[in-house]
Amino acid sequence: MSASLSKPSFGDIAVKSTVLLIAALLCFAPFLFQDVRALEVAARICVFIVLVASYDLLIGYTGIVSFAHTMFFGFGAYGAAILLRQMGPGWDAVILGGLAGVLVSLVVATAIGLLSLRVKAIFFAMITLAAASVALVLASQLSHFTGGEDGITYRTPDLFKPAFKLMVDEDGKVLRLFGVKMNGKLAAYYFVFVTCLLLFFVMLRLVGSPLGTVLKAIRENEARAEAIGYRVVAYRTFVFCLSAAIASLAGTVYAVWLKYTGPDTALSFAIMIDILLMVVIGGMGTMWGAVIGAVLMVIAQYYLRDLMGVAAEATAKLPLLPELLNPDRWLFWLGIIFILLVYFFPKGIVGTITQKGARG
Amino acid sequence: MENLSQFFGRFGGVYLLPVGLALGAFVLIGAPSSWATLTIAGLSMGMMVFLMASGLSLIFGLMDVLNFGHSAFISFGAFVAATVLSALSGWVGADSVFLNSMALVFALLAAISFGLAAGWFFESVIIRPVYHDHLRQILITMGALIVSEQIILALWGGTPITVLRPHFLEGAIILGNVSVEIYRLFAFGLGLVAFIGLYLVLNRSRIGLLVRAGVENREMVEALGFRIDRLFIGVFMVGSALAAVGGAMWAGYETLITPALGGEMMIVVFIVVIIGGLGSIEGTLLGAIMVGLTANYVGFLAPKLALASNMILMTIILLWRPNGLRPAVK
Amino acid sequence: MTLLSLNNMKTDIGQYAVLHGVTLDIPEGGVFVLLGRNGAGKTTTLRSIMGLWSPTPGSVTFRGADITGLHTAEIARKGIAYVPENMGIFGSLTVEENLILATEKGRFDQPRLKRIYALFPALEQFWTKQAWSLSGGQKQMLAVARAIIEPRALILIDEPTKGLAPSIVAAMAEAFREISQSATILLVEQNFHFAKSIGRDMAVIDDGLVAHAGTMADFAADTELQERLLSLSA
């Protein structure tokens with residue numbers, strides 16, 4: 001570890017240049033990949049990088065496991081969604097909705113943190129799981145408010161309408177730059193990209209700050225950190241609140257991008273599993289890992305399922321196997337990969353590469 | 001205040017809580033017959049939840065292992081039992097108590113055998129490599145839960161399955177003006193038998209002595225010359241089998257089951273062990289009864305609050321006793 | 001004759017190296033005292049012998065057989081008992097249950113039980129009490145009794161006099177003398193006065209190494225050495 005601090009190792013350089021490449025690709029995504037689905041993937045990657053990085057603040061930097069991260073993501077998404085529908089498509093609704101989401105997240109996170117963290121970290125995992133499931137059921141029960149299972153569709157500020165013209169040519173038509181329409185869809189993508197970039201930088205700054213050092217000390221040796229005089233519970237609750245607030249903001253951004261919010265896009269346990277996988281694949285305790293994990297998983301989600309469908313057809317005559325290769329069973333394989341990763345590569349891709357580079 | 005808590009302690013301490021809860025509910029509900037029905041429903045639900053939760057609590061107490069995959073045993077228990085019952089549908093529906101009971105016994109035996117085997121597999125393959133590492137333990141058992149749920153989906157499909165009830169457990173008996181479902185009485189009785197059995201084993205046998213000592217101080221039991229890890233696999237298997245029986249009983253209670261059953265019950269199970277205190281079956285029983293009663297009373301008095309009622313109960317109890325009502329001595 | 005020999009035992013706890021190569025021979029019979037400052041590695045030495053930490057590298061030989069790397073339970077069955085610093089009493093179990101648990105077959109050998117009653121009469125008196133309700137001294141007696149309920153050749157005892165009243169310390173010294181007639185005691189002790197009164201041989205552990213080993217009589221006579229190895233200022 002000290003080697004990677006003093007002079008950048010090969011693995012370190014490899015990781016950072018990969019992340020830089022990803023950032024560049026995401027920055028020019030609308031120009032590089034000119035189809036609707038690819039832009040969908042790019043936006044989802046941006047949002048999930050922030051969501052996973054904020055989760056990593058918790059699991060990677062303090063060593064406690066929460067199953068309520070999607071809940072906070074959902075608070076932000078539903079905050080914006082509900083207000084956008086009630087108040088109409090304006091920036092005031094987006095900002096108020098985002099703030100409301102953050103506020104609710106902070107209150108709930110403080111309550112959970114104070115209730116469970118002062119006793120045993122293991123209670124925390126159980127209580128967050130319980131809270132998340134209550135939130136999910138509440139969202140489907142309070143249907144006049146949340147749209148229930150169907151969710152809510154709404155319009156977003158005019159700037160993001162596909163028909164909105166950012167730039168026009170002499171004929172008053174939407175200008176095309178390198179073949180890309182300068183319209184509201186582009187504006188929406190860059191809204192997502194820039195907000196996510198800002199949030200990511202905030203987190204990056206944070207883990208490099210003295211606070212990040214304290215968090216690492218707590219993770220390495222809780223008893224010793226306590227003995228030195230750090231108030232472990234207070235720090236953990238603070239980080240939990242912080243990661244909840246950032247997750248909530250990511251939810252708001254995603255709600256604005258999708259123009260739809262429902263249990264499947266913002267609250268379901270499947271998203272929690274995605275986040276866990278991304279953190280573990282990328283590597284816990286490193287912000288770069290969040291980037292790589294999110295990119296790999298989102299791409300796999302969009303494109304690997306097609307592959308599974310093909311495999312299921314190819315094995316249609318065998319027993320059970322086609323059932324398991326059914327694209328709906330894709331969580332089965334993710335679960336197995338997840339278990340194997342936690343066994344054999346608990347440091348994830350980034351941790352493993354950095355370590356190898358440092359040794360060699 | 002001091003006197004009050006002494007008085008409270010002398011008459012059973014925290015064990016009085018369910019009684020207090022029932023009395024409070026009696027005043028609020030007003031109608032004695034509804035109250036009696038709800039209380040019986042609450043007690044039988046509590047006993048089924050106790051079956052599901054007792055293993056989790058002991059497993060944690062003995063080895064500091066929290067198995068998030070525990071709910072897979074509940075789900076599998078439910079589905080295995082339902083499959084056996086539907087395969088034996090002739091016996092189940094027959095007008096013979098003997099055939100009915102045989103179908104039930106086979107279904108429960110299937111659930112138990114499955115629980116034992118799956119428990120052995122979980123402990124030796126999934127959990128053993130990550131002893132003493134809570135973070136990876138939580139992640140791996142959660143991964144195992146995901147895989148198990150997918151296997152259930154692949155085997156039984158996503159649509160709800162109807163569970164046949166043995167004929168002799170159908171219907172209700174009328175006591176005064178209270179009608180009591182026979183199945184609830186049966187579930188209560190089975191849970192009670194399991195509790196008494198566990199209690200006797202833990203308090204009267206040498207193995208039980210080792211388990212109780214191990215919950216308190218694993219290292220010391222080893223220093224006295226006993227292999228706790230070998231004991232633990234036994235506890236794990238029994239705990240998993242109990243969860244499977246709990247799931248099987250719950251399937252008969254609900255009569256319509258989906259693969260989401262385990263996940264739903266898991267939340268209740270967690271709340272029960274948190275309330276009761278990890279590591280003691282007395283605490284787990286207390287927590288389970290509290291949760292069962294609360295769920296039924298609140299469901300009747302304020303249906304909208306029913307969902308949140310368990311969370312509220314847990315919050316109140318944790319604020320009062322951060323380690324739960326009756327945790328094992330550590 | 002050597003009962004236990006530690007050969008270049010190095011033990012890490014987490015990322016901290018605690019023992020840097022402890023080499024020591026414990027002869028059979030009597031009380032062998034391990035002295036040393038706080039944090040010098042005395043408790044770690046006992047735990048490493050017991051297999052509760054694994055020494056890597058290094059080896060532990062007991063009655064001529066290598067017991068390095070064995071499971072703690074197997075080491076116990078080879079004839080080593082352990083009384084940890086916190087006594088390791090099972091508080092929710094009664095005195096009787098604490099003791100019967102420590103027997104290999106689950107029943108008492110009556111002569112041995114009589115001997116324990118004679119050593120620690122309080123235990124007979126509180127036989128059916130739950131152990132958490134005992135006083136500190138009684139708990140320590142129970143912990144020692146549990147270590148001798150089966151015949152063990154070596155008994156590791158970690159700071160048994162800590163926080164005990166002088167009268168109980170005296171009773172404890174008496175008990176240790178009696179026990180050491182038939183078994184070897186390896187005692188970690190901060191109370192030098194107590195150690196001097198019962199120890200036959202001794203060693204000083206300092207900073208994870210054996211700084212001195214010899215007879216207690218010689219060490220007790222050499223105040224300069226005591227000052228150098230045990231004083232807090234050095």
# chains A, B, ... in the order shown; residues from 1 in each chain; ligands from 1

$ select_by_dssp --residues "stretch 68-177 of chain C" --states "strand (DSSP E)" --output "ChimeraX atom specification"
/C:80-83,154-158

$ residues_around --residues "B:Ala144" --least-positions-apart "6" --cutoff "10 Å" --atoms "only C-alpha atoms" --output "PDB file with C-alpha atoms, in the first residue's frame"
ATOM      1  CA  PHE A 332     -28.711 -16.413 -10.839  1.00  0.00           C
ATOM      2  CA  GLY A 335     -25.212 -14.181  -7.774  1.00  0.00           C
ATOM      3  CA  ILE A 336     -22.738 -16.941  -8.514  1.00  0.00           C
ATOM      4  CA  PHE A 338     -20.737 -12.322  -6.924  1.00  0.00           C
ATOM      5  CA  ILE A 339     -20.019 -15.161  -4.489  1.00  0.00           C
TER       6      ILE A 339
ATOM      7  CA  ASN B  67     -26.674 -15.773   7.666  1.00  0.00           C
ATOM      8  CA  PHE B  68     -28.574 -13.496   5.313  1.00  0.00           C
ATOM      9  CA  GLY B  69     -29.374 -16.594   3.289  1.00  0.00           C
ATOM     10  CA  HIS B  70     -31.472 -17.963   6.147  1.00  0.00           C
ATOM     11  CA  ALA B  72     -33.770 -19.381   1.535  1.00  0.00           C
ATOM     12  CA  PHE B 122     -24.344 -23.730   3.380  1.00  0.00           C
ATOM     13  CA  ILE B 126     -20.484 -21.108   1.664  1.00  0.00           C
ATOM     14  CA  ILE B 127     -19.841 -19.823   5.161  1.00  0.00           C
ATOM     15  CA  ILE B 138     -22.907 -10.614   4.822  1.00  0.00           C
ATOM     16  CA  GLN B 150     -33.402 -17.763  -8.587  1.00  0.00           C
TER      17      GLN B 150
END

$ closest_residue --among "B:Ile140, B:Ser57, B:Thr37, B:Val19" --to "B:Ile173" --atoms "only C-alpha atoms"
B:Thr37

$ atom_distance --atom1 "atom CA of A:Val295" --atom2 "atom CA of A:Val94"
26.5 Å

$ interface_residues --of "chain A" --to "chain B" --cutoff "7 Å" --atoms "only C-alpha atoms" --output "list in words"
Gly63, Ile64, Val65, Leu115, Val119, Met126, Ala130, Val134, Glu323, Leu324, Arg329, Leu331, Phe332, Gly335, Ile336, Phe338, Ile339 and Val342 of chain A

$ write_last_selection --atoms "all heavy atoms" --output "compact mmCIF listing (two decimals), in the first residue's frame"
# COMPACT_ATOMS: atom_id res chain seq x y z
N GLY A 63 -16.49 0.09 6.23
CA GLY A 63 -16.63 -1.34 6.49
C GLY A 63 -17.98 -1.77 7.01
O GLY A 63 -18.12 -2.85 7.54
N ILE A 64 -19.02 -0.95 6.89
CA ILE A 64 -20.34 -1.41 7.30
C ILE A 64 -21.24 -1.59 6.08
O ILE A 64 -21.12 -0.87 5.10
CB ILE A 64 -21.02 -0.46 8.32
CG1 ILE A 64 -20.96 0.98 7.84
CG2 ILE A 64 -20.39 -0.62 9.68
CD1 ILE A 64 -21.65 1.93 8.79
N VAL A 65 -22.12 -2.59 6.16
CA VAL A 65 -22.95 -2.94 5.01
C VAL A 65 -24.37 -2.40 5.20
O VAL A 65 -25.01 -2.69 6.21
CB VAL A 65 -23.02 -4.46 4.83
CG1 VAL A 65 -23.80 -4.80 3.58
CG2 VAL A 65 -21.63 -5.04 4.76
N LEU A 115 -29.86 4.56 15.81
CA LEU A 115 -30.55 3.42 16.40
C LEU A 115 -29.68 2.17 16.40
O LEU A 115 -29.67 1.40 17.35
CB LEU A 115 -31.83 3.16 15.60
CG LEU A 115 -32.90 2.34 16.28
CD1 LEU A 115 -33.39 3.09 17.50
CD2 LEU A 115 -34.04 2.07 15.33
N VAL A 119 -24.94 0.11 18.73
CA VAL A 119 -24.92 -1.21 19.34
C VAL A 119 -23.94 -2.12 18.62
O VAL A 119 -22.85 -2.39 19.08
CB VAL A 119 -26.31 -1.87 19.32
CG1 VAL A 119 -26.29 -3.09 20.21
CG2 VAL A 119 -27.36 -0.89 19.77
N MET A 126 -29.12 -5.55 9.16
CA MET A 126 -30.48 -6.07 9.27
C MET A 126 -31.50 -4.95 9.25
O MET A 126 -32.54 -5.03 8.60
CB MET A 126 -30.61 -6.87 10.56
CG MET A 126 -29.74 -8.08 10.62
SD MET A 126 -30.32 -9.27 11.83
CE MET A 126 -29.49 -8.75 13.28
N ALA A 130 -34.54 -4.08 6.61
CA ALA A 130 -35.94 -3.95 7.01
C ALA A 130 -36.50 -2.62 6.55
O ALA A 130 -37.60 -2.55 5.97
CB ALA A 130 -36.07 -4.10 8.53
N VAL A 134 -39.64 -1.87 3.91
CA VAL A 134 -40.81 -1.08 4.29
C VAL A 134 -41.02 0.06 3.28
O VAL A 134 -42.14 0.30 2.83
CB VAL A 134 -40.65 -0.50 5.71
CG1 VAL A 134 -41.72 0.53 6.01
CG2 VAL A 134 -40.73 -1.62 6.74
N GLU A 323 -33.82 -23.24 -18.39
CA GLU A 323 -34.50 -22.44 -17.36
C GLU A 323 -33.53 -21.44 -16.73
O GLU A 323 -33.87 -20.30 -16.49
CB GLU A 323 -35.05 -23.37 -16.26
CG GLU A 323 -36.47 -23.85 -16.50
CD GLU A 323 -37.44 -22.69 -16.58
OE1 GLU A 323 -37.31 -21.76 -15.77
OE2 GLU A 323 -38.30 -22.71 -17.48
N LEU A 324 -32.32 -21.95 -16.45
CA LEU A 324 -31.34 -21.10 -15.77
C LEU A 324 -30.70 -20.11 -16.74
O LEU A 324 -30.17 -19.09 -16.33
CB LEU A 324 -30.27 -21.97 -15.10
CG LEU A 324 -30.77 -22.77 -13.90
CD1 LEU A 324 -29.69 -23.71 -13.40
CD2 LEU A 324 -31.21 -21.84 -12.78
N ARG A 329 -33.44 -15.17 -15.62
CA ARG A 329 -32.66 -15.77 -14.53
C ARG A 329 -31.26 -15.19 -14.46
O ARG A 329 -30.36 -15.78 -13.92
CB ARG A 329 -32.55 -17.30 -14.71
CG ARG A 329 -33.82 -18.09 -14.57
CD ARG A 329 -34.30 -18.17 -13.16
NE ARG A 329 -35.08 -16.99 -12.83
CZ ARG A 329 -36.31 -16.77 -13.28
NH1 ARG A 329 -36.91 -17.64 -14.03
NH2 ARG A 329 -36.96 -15.69 -12.96
N LEU A 331 -30.02 -12.97 -12.77
CA LEU A 331 -29.53 -12.75 -11.40
C LEU A 331 -28.86 -14.00 -10.84
O LEU A 331 -27.98 -13.91 -9.99
CB LEU A 331 -30.70 -12.36 -10.50
CG LEU A 331 -30.98 -10.88 -10.36
CD1 LEU A 331 -32.19 -10.67 -9.47
CD2 LEU A 331 -29.78 -10.17 -9.79
N PHE A 332 -29.32 -15.16 -11.28
CA PHE A 332 -28.71 -16.41 -10.84
C PHE A 332 -27.21 -16.41 -11.11
O PHE A 332 -26.39 -16.68 -10.25
CB PHE A 332 -29.39 -17.58 -11.55
CG PHE A 332 -28.76 -18.92 -11.31
CD1 PHE A 332 -29.04 -19.62 -10.15
CD2 PHE A 332 -27.88 -19.47 -12.23
CE1 PHE A 332 -28.46 -20.84 -9.92
CE2 PHE A 332 -27.30 -20.70 -12.00
CZ PHE A 332 -27.59 -21.39 -10.85
N GLY A 335 -25.39 -13.75 -9.16
CA GLY A 335 -25.21 -14.18 -7.77
C GLY A 335 -24.00 -15.08 -7.64
O GLY A 335 -23.18 -14.94 -6.73
N ILE A 336 -23.87 -16.02 -8.57
CA ILE A 336 -22.74 -16.94 -8.51
C ILE A 336 -21.42 -16.20 -8.73
O ILE A 336 -20.44 -16.39 -8.00
CB ILE A 336 -22.93 -18.07 -9.55
CG1 ILE A 336 -24.02 -19.00 -9.03
CG2 ILE A 336 -21.63 -18.83 -9.77
CD1 ILE A 336 -24.32 -20.16 -9.91
N PHE A 338 -20.91 -13.14 -8.13
CA PHE A 338 -20.74 -12.32 -6.92
C PHE A 338 -20.06 -13.12 -5.81
O PHE A 338 -19.06 -12.70 -5.24
CB PHE A 338 -22.12 -11.84 -6.48
CG PHE A 338 -22.10 -10.96 -5.27
CD1 PHE A 338 -21.65 -9.65 -5.36
CD2 PHE A 338 -22.54 -11.43 -4.06
CE1 PHE A 338 -21.65 -8.84 -4.25
CE2 PHE A 338 -22.54 -10.62 -2.94
CZ PHE A 338 -22.10 -9.32 -3.04
N ILE A 339 -20.59 -14.33 -5.55
CA ILE A 339 -20.02 -15.16 -4.49
C ILE A 339 -18.55 -15.48 -4.80
O ILE A 339 -17.67 -15.35 -3.95
CB ILE A 339 -20.82 -16.47 -4.34
CG1 ILE A 339 -22.22 -16.16 -3.84
CG2 ILE A 339 -20.12 -17.42 -3.38
CD1 ILE A 339 -23.13 -17.37 -3.76
N VAL A 342 -16.35 -12.47 -4.20
CA VAL A 342 -16.09 -12.16 -2.79
C VAL A 342 -15.09 -13.16 -2.20
O VAL A 342 -14.26 -12.82 -1.37
CB VAL A 342 -17.40 -12.12 -1.98
CG1 VAL A 342 -17.11 -11.83 -0.52
CG2 VAL A 342 -18.32 -11.05 -2.52

$ closest_residue --among "B:Ala302, B:Leu210, B:Leu261, B:Val49" --to "chain C" --atoms "only C-alpha atoms"
B:Leu210

$ select_by_dssp --residues "stretch 76-188 of chain C" --states "helix (DSSP H, G or I)" --output "VMD selection string"
chain C and resid 76 to 77 95 to 102 110 to 119 121 to 125 131 to 133 136 to 148 166 to 179

$ interface_residues --of "chain C" --to "chain B" --cutoff "8 Å" --atoms "only C-alpha atoms" --output "list in words"
Met50, Leu52, Thr72, Ala73, Glu74, Ile75, Ala76, Arg77, Ala81, Tyr82, Gly88, Phe90, Gly91, Ser92, Leu93, Glu97, Leu101, Ala102, Glu104, Gly106 and Ala147 of chain C

$ write_last_selection --atoms "N, CA and C atoms" --output "PDB file, in the first residue's frame"
ATOM      1  N   MET C  50      -1.311 -22.250  23.333  1.00  0.00           N
ATOM      2  CA  MET C  50      -2.641 -22.852  23.333  1.00  0.00           C
ATOM      3  C   MET C  50      -3.226 -22.970  21.924  1.00  0.00           C
ATOM      4  N   LEU C  52      -4.310 -20.461  20.170  1.00  0.00           N
ATOM      5  CA  LEU C  52      -5.329 -19.437  19.928  1.00  0.00           C
ATOM      6  C   LEU C  52      -4.802 -18.360  18.984  1.00  0.00           C
ATOM      7  N   THR C  72      -6.790 -25.770  18.891  1.00  0.00           N
ATOM      8  CA  THR C  72      -6.789 -25.505  20.335  1.00  0.00           C
ATOM      9  C   THR C  72      -7.365 -26.681  21.128  1.00  0.00           C
ATOM     10  N   ALA C  73      -8.472 -27.238  20.622  1.00  0.00           N
ATOM     11  CA  ALA C  73      -9.111 -28.334  21.350  1.00  0.00           C
ATOM     12  C   ALA C  73      -8.180 -29.535  21.453  1.00  0.00           C
ATOM     13  N   GLU C  74      -7.409 -29.802  20.390  1.00  0.00           N
ATOM     14  CA  GLU C  74      -6.487 -30.939  20.412  1.00  0.00           C
ATOM     15  C   GLU C  74      -5.331 -30.682  21.380  1.00  0.00           C
ATOM     16  N   ILE C  75      -4.872 -29.436  21.394  1.00  0.00           N
ATOM     17  CA  ILE C  75      -3.797 -29.085  22.324  1.00  0.00           C
ATOM     18  C   ILE C  75      -4.280 -29.298  23.753  1.00  0.00           C
ATOM     19  N   ALA C  76      -5.525 -28.902  24.013  1.00  0.00           N
ATOM     20  CA  ALA C  76      -6.085 -29.093  25.352  1.00  0.00           C
ATOM     21  C   ALA C  76      -6.103 -30.581  25.705  1.00  0.00           C
ATOM     22  N   ARG C  77      -6.524 -31.404  24.747  1.00  0.00           N
ATOM     23  CA  ARG C  77      -6.622 -32.846  25.020  1.00  0.00           C
ATOM     24  C   ARG C  77      -5.251 -33.493  25.235  1.00  0.00           C
ATOM     25  N   ALA C  81      -3.993 -27.064  30.083  1.00  0.00           N
ATOM     26  CA  ALA C  81      -5.183 -26.305  30.455  1.00  0.00           C
ATOM     27  C   ALA C  81      -4.839 -24.829  30.442  1.00  0.00           C
ATOM     28  N   TYR C  82      -5.863 -23.991  30.277  1.00  0.00           N
ATOM     29  CA  TYR C  82      -5.628 -22.561  30.104  1.00  0.00           C
ATOM     30  C   TYR C  82      -6.610 -21.775  30.960  1.00  0.00           C
ATOM     31  N   GLY C  88     -12.556 -16.367  31.672  1.00  0.00           N
ATOM     32  CA  GLY C  88     -13.322 -17.196  30.739  1.00  0.00           C
ATOM     33  C   GLY C  88     -14.413 -18.018  31.386  1.00  0.00           C
ATOM     34  N   PHE C  90     -18.162 -19.118  32.264  1.00  0.00           N
ATOM     35  CA  PHE C  90     -19.450 -19.047  31.565  1.00  0.00           C
ATOM     36  C   PHE C  90     -20.493 -18.552  32.568  1.00  0.00           C
ATOM     37  N   GLY C  91     -20.817 -17.270  32.464  1.00  0.00           N
ATOM     38  CA  GLY C  91     -21.628 -16.621  33.489  1.00  0.00           C
ATOM     39  C   GLY C  91     -23.040 -17.174  33.620  1.00  0.00           C
ATOM     40  N   SER C  92     -23.626 -17.614  32.510  1.00  0.00           N
ATOM     41  CA  SER C  92     -25.011 -18.062  32.588  1.00  0.00           C
ATOM     42  C   SER C  92     -25.094 -19.514  33.061  1.00  0.00           C
ATOM     43  N   LEU C  93     -23.944 -20.174  33.173  1.00  0.00           N
ATOM     44  CA  LEU C  93     -23.937 -21.553  33.658  1.00  0.00           C
ATOM     45  C   LEU C  93     -23.662 -21.557  35.163  1.00  0.00           C
ATOM     46  N   GLU C  97     -22.178 -26.631  36.409  1.00  0.00           N
ATOM     47  CA  GLU C  97     -22.146 -26.783  34.950  1.00  0.00           C
ATOM     48  C   GLU C  97     -20.808 -26.354  34.375  1.00  0.00           C
ATOM     49  N   LEU C 101     -18.710 -29.283  32.488  1.00  0.00           N
ATOM     50  CA  LEU C 101     -18.399 -29.035  31.076  1.00  0.00           C
ATOM     51  C   LEU C 101     -16.930 -29.340  30.795  1.00  0.00           C
ATOM     52  N   ALA C 102     -16.090 -29.050  31.783  1.00  0.00           N
ATOM     53  CA  ALA C 102     -14.655 -29.207  31.578  1.00  0.00           C
ATOM     54  C   ALA C 102     -14.197 -30.662  31.691  1.00  0.00           C
ATOM     55  N   GLU C 104     -13.971 -34.531  30.558  1.00  0.00           N
ATOM     56  CA  GLU C 104     -13.986 -35.082  29.209  1.00  0.00           C
ATOM     57  C   GLU C 104     -15.201 -35.967  28.969  1.00  0.00           C
ATOM     58  N   GLY C 106     -18.090 -35.951  30.894  1.00  0.00           N
ATOM     59  CA  GLY C 106     -19.368 -35.426  31.353  1.00  0.00           C
ATOM     60  C   GLY C 106     -19.772 -35.919  32.731  1.00  0.00           C
ATOM     61  N   ALA C 147      -9.579 -25.806  35.362  1.00  0.00           N
ATOM     62  CA  ALA C 147      -8.362 -26.230  34.675  1.00  0.00           C
ATOM     63  C   ALA C 147      -7.790 -27.522  35.257  1.00  0.00           C
TER      64      ALA C 147
END

$ residues_around --residues "C:Ile148" --least-positions-apart "3" --cutoff "9 Å" --atoms "only C-alpha atoms" --output "VMD selection string"
chain C and resid 81 102 112 116 144 to 145 151 to 152 155 179

$ write_last_selection --atoms "N, CA and C atoms" --output "compact mmCIF listing (two decimals), in the first residue's frame"
# COMPACT_ATOMS: atom_id res chain seq x y z
N ALA C 81 -3.99 -27.06 30.08
CA ALA C 81 -5.18 -26.30 30.45
C ALA C 81 -4.84 -24.83 30.44
N ALA C 102 -16.09 -29.05 31.78
CA ALA C 102 -14.66 -29.21 31.58
C ALA C 102 -14.20 -30.66 31.69
N ARG C 112 -11.11 -36.30 42.62
CA ARG C 112 -10.63 -35.01 42.13
C ARG C 112 -11.56 -33.89 42.60
N ILE C 116 -10.84 -30.53 44.85
CA ILE C 116 -11.20 -29.15 44.49
C ILE C 116 -11.99 -28.49 45.60
N VAL C 144 -9.64 -21.70 37.96
CA VAL C 144 -8.52 -22.59 38.23
C VAL C 144 -9.04 -24.02 38.44
N ALA C 145 -10.16 -24.14 39.16
CA ALA C 145 -10.73 -25.46 39.40
C ALA C 145 -11.06 -26.15 38.07
N PRO C 151 -6.96 -34.38 34.85
CA PRO C 151 -5.51 -34.30 35.07
C PRO C 151 -4.81 -33.69 33.86
N ARG C 152 -4.21 -32.54 34.03
CA ARG C 152 -3.46 -31.89 32.95
C ARG C 152 -2.02 -31.75 33.39
N ILE C 155 -0.50 -26.30 33.16
CA ILE C 155 -1.60 -25.36 33.34
C ILE C 155 -1.08 -23.95 33.09
N ILE C 179 -1.27 -27.54 43.73
CA ILE C 179 -1.46 -28.04 42.35
C ILE C 179 -0.12 -28.39 41.73

$ residues_around --residues "A:Gly79" --least-positions-apart "5" --cutoff "12 Å" --atoms "only C-alpha atoms" --output "PyMOL selection string"
chain A and resi 71-74+84-87+93-105+139+145-146+152+248-256+261-262+266

$ residues_around --residues "A:Ala294" --least-positions-apart "6" --cutoff "6 Å" --atoms "only C-alpha atoms" --output "short mmCIF file (atom, residue, chain, number, x, y, z; two decimals) with N, CA and C atoms, in the first residue's frame"
data_model
loop_
_atom_site.label_atom_id
_atom_site.label_comp_id
_atom_site.auth_asym_id
_atom_site.auth_seq_id
_atom_site.Cartn_x
_atom_site.Cartn_y
_atom_site.Cartn_z
N PHE A 48 -24.99 5.62 -12.16
CA PHE A 48 -24.57 4.51 -11.30
C PHE A 48 -23.16 4.68 -10.77
N ILE A 49 -22.31 5.39 -11.51
CA ILE A 49 -20.97 5.65 -10.96
C ILE A 49 -21.11 6.44 -9.66
N MET A 278 -21.55 -4.05 -8.38
CA MET A 278 -20.63 -3.07 -8.97
C MET A 278 -19.50 -2.75 -7.99
#

$ residues_around --residues "stretch 216-232 of chain C" --least-positions-apart "2" --cutoff "10 Å" --atoms "only C-alpha atoms" --output "list of chain:residue names"
C:Val31, C:Phe32, C:Val33, C:Leu35, C:Gly36, C:Arg37, C:Asn38, C:Gln190, C:Phe192, C:His193, C:Ala195, C:Lys196, C:Ser197, C:Ile198, C:Gly199, C:Arg200, C:Asp201, C:Met202, C:Ala203, C:Val204, C:Ile205, C:Asp206, C:Ala211, C:His212, C:Ala213, C:Gly214, C:Ala234
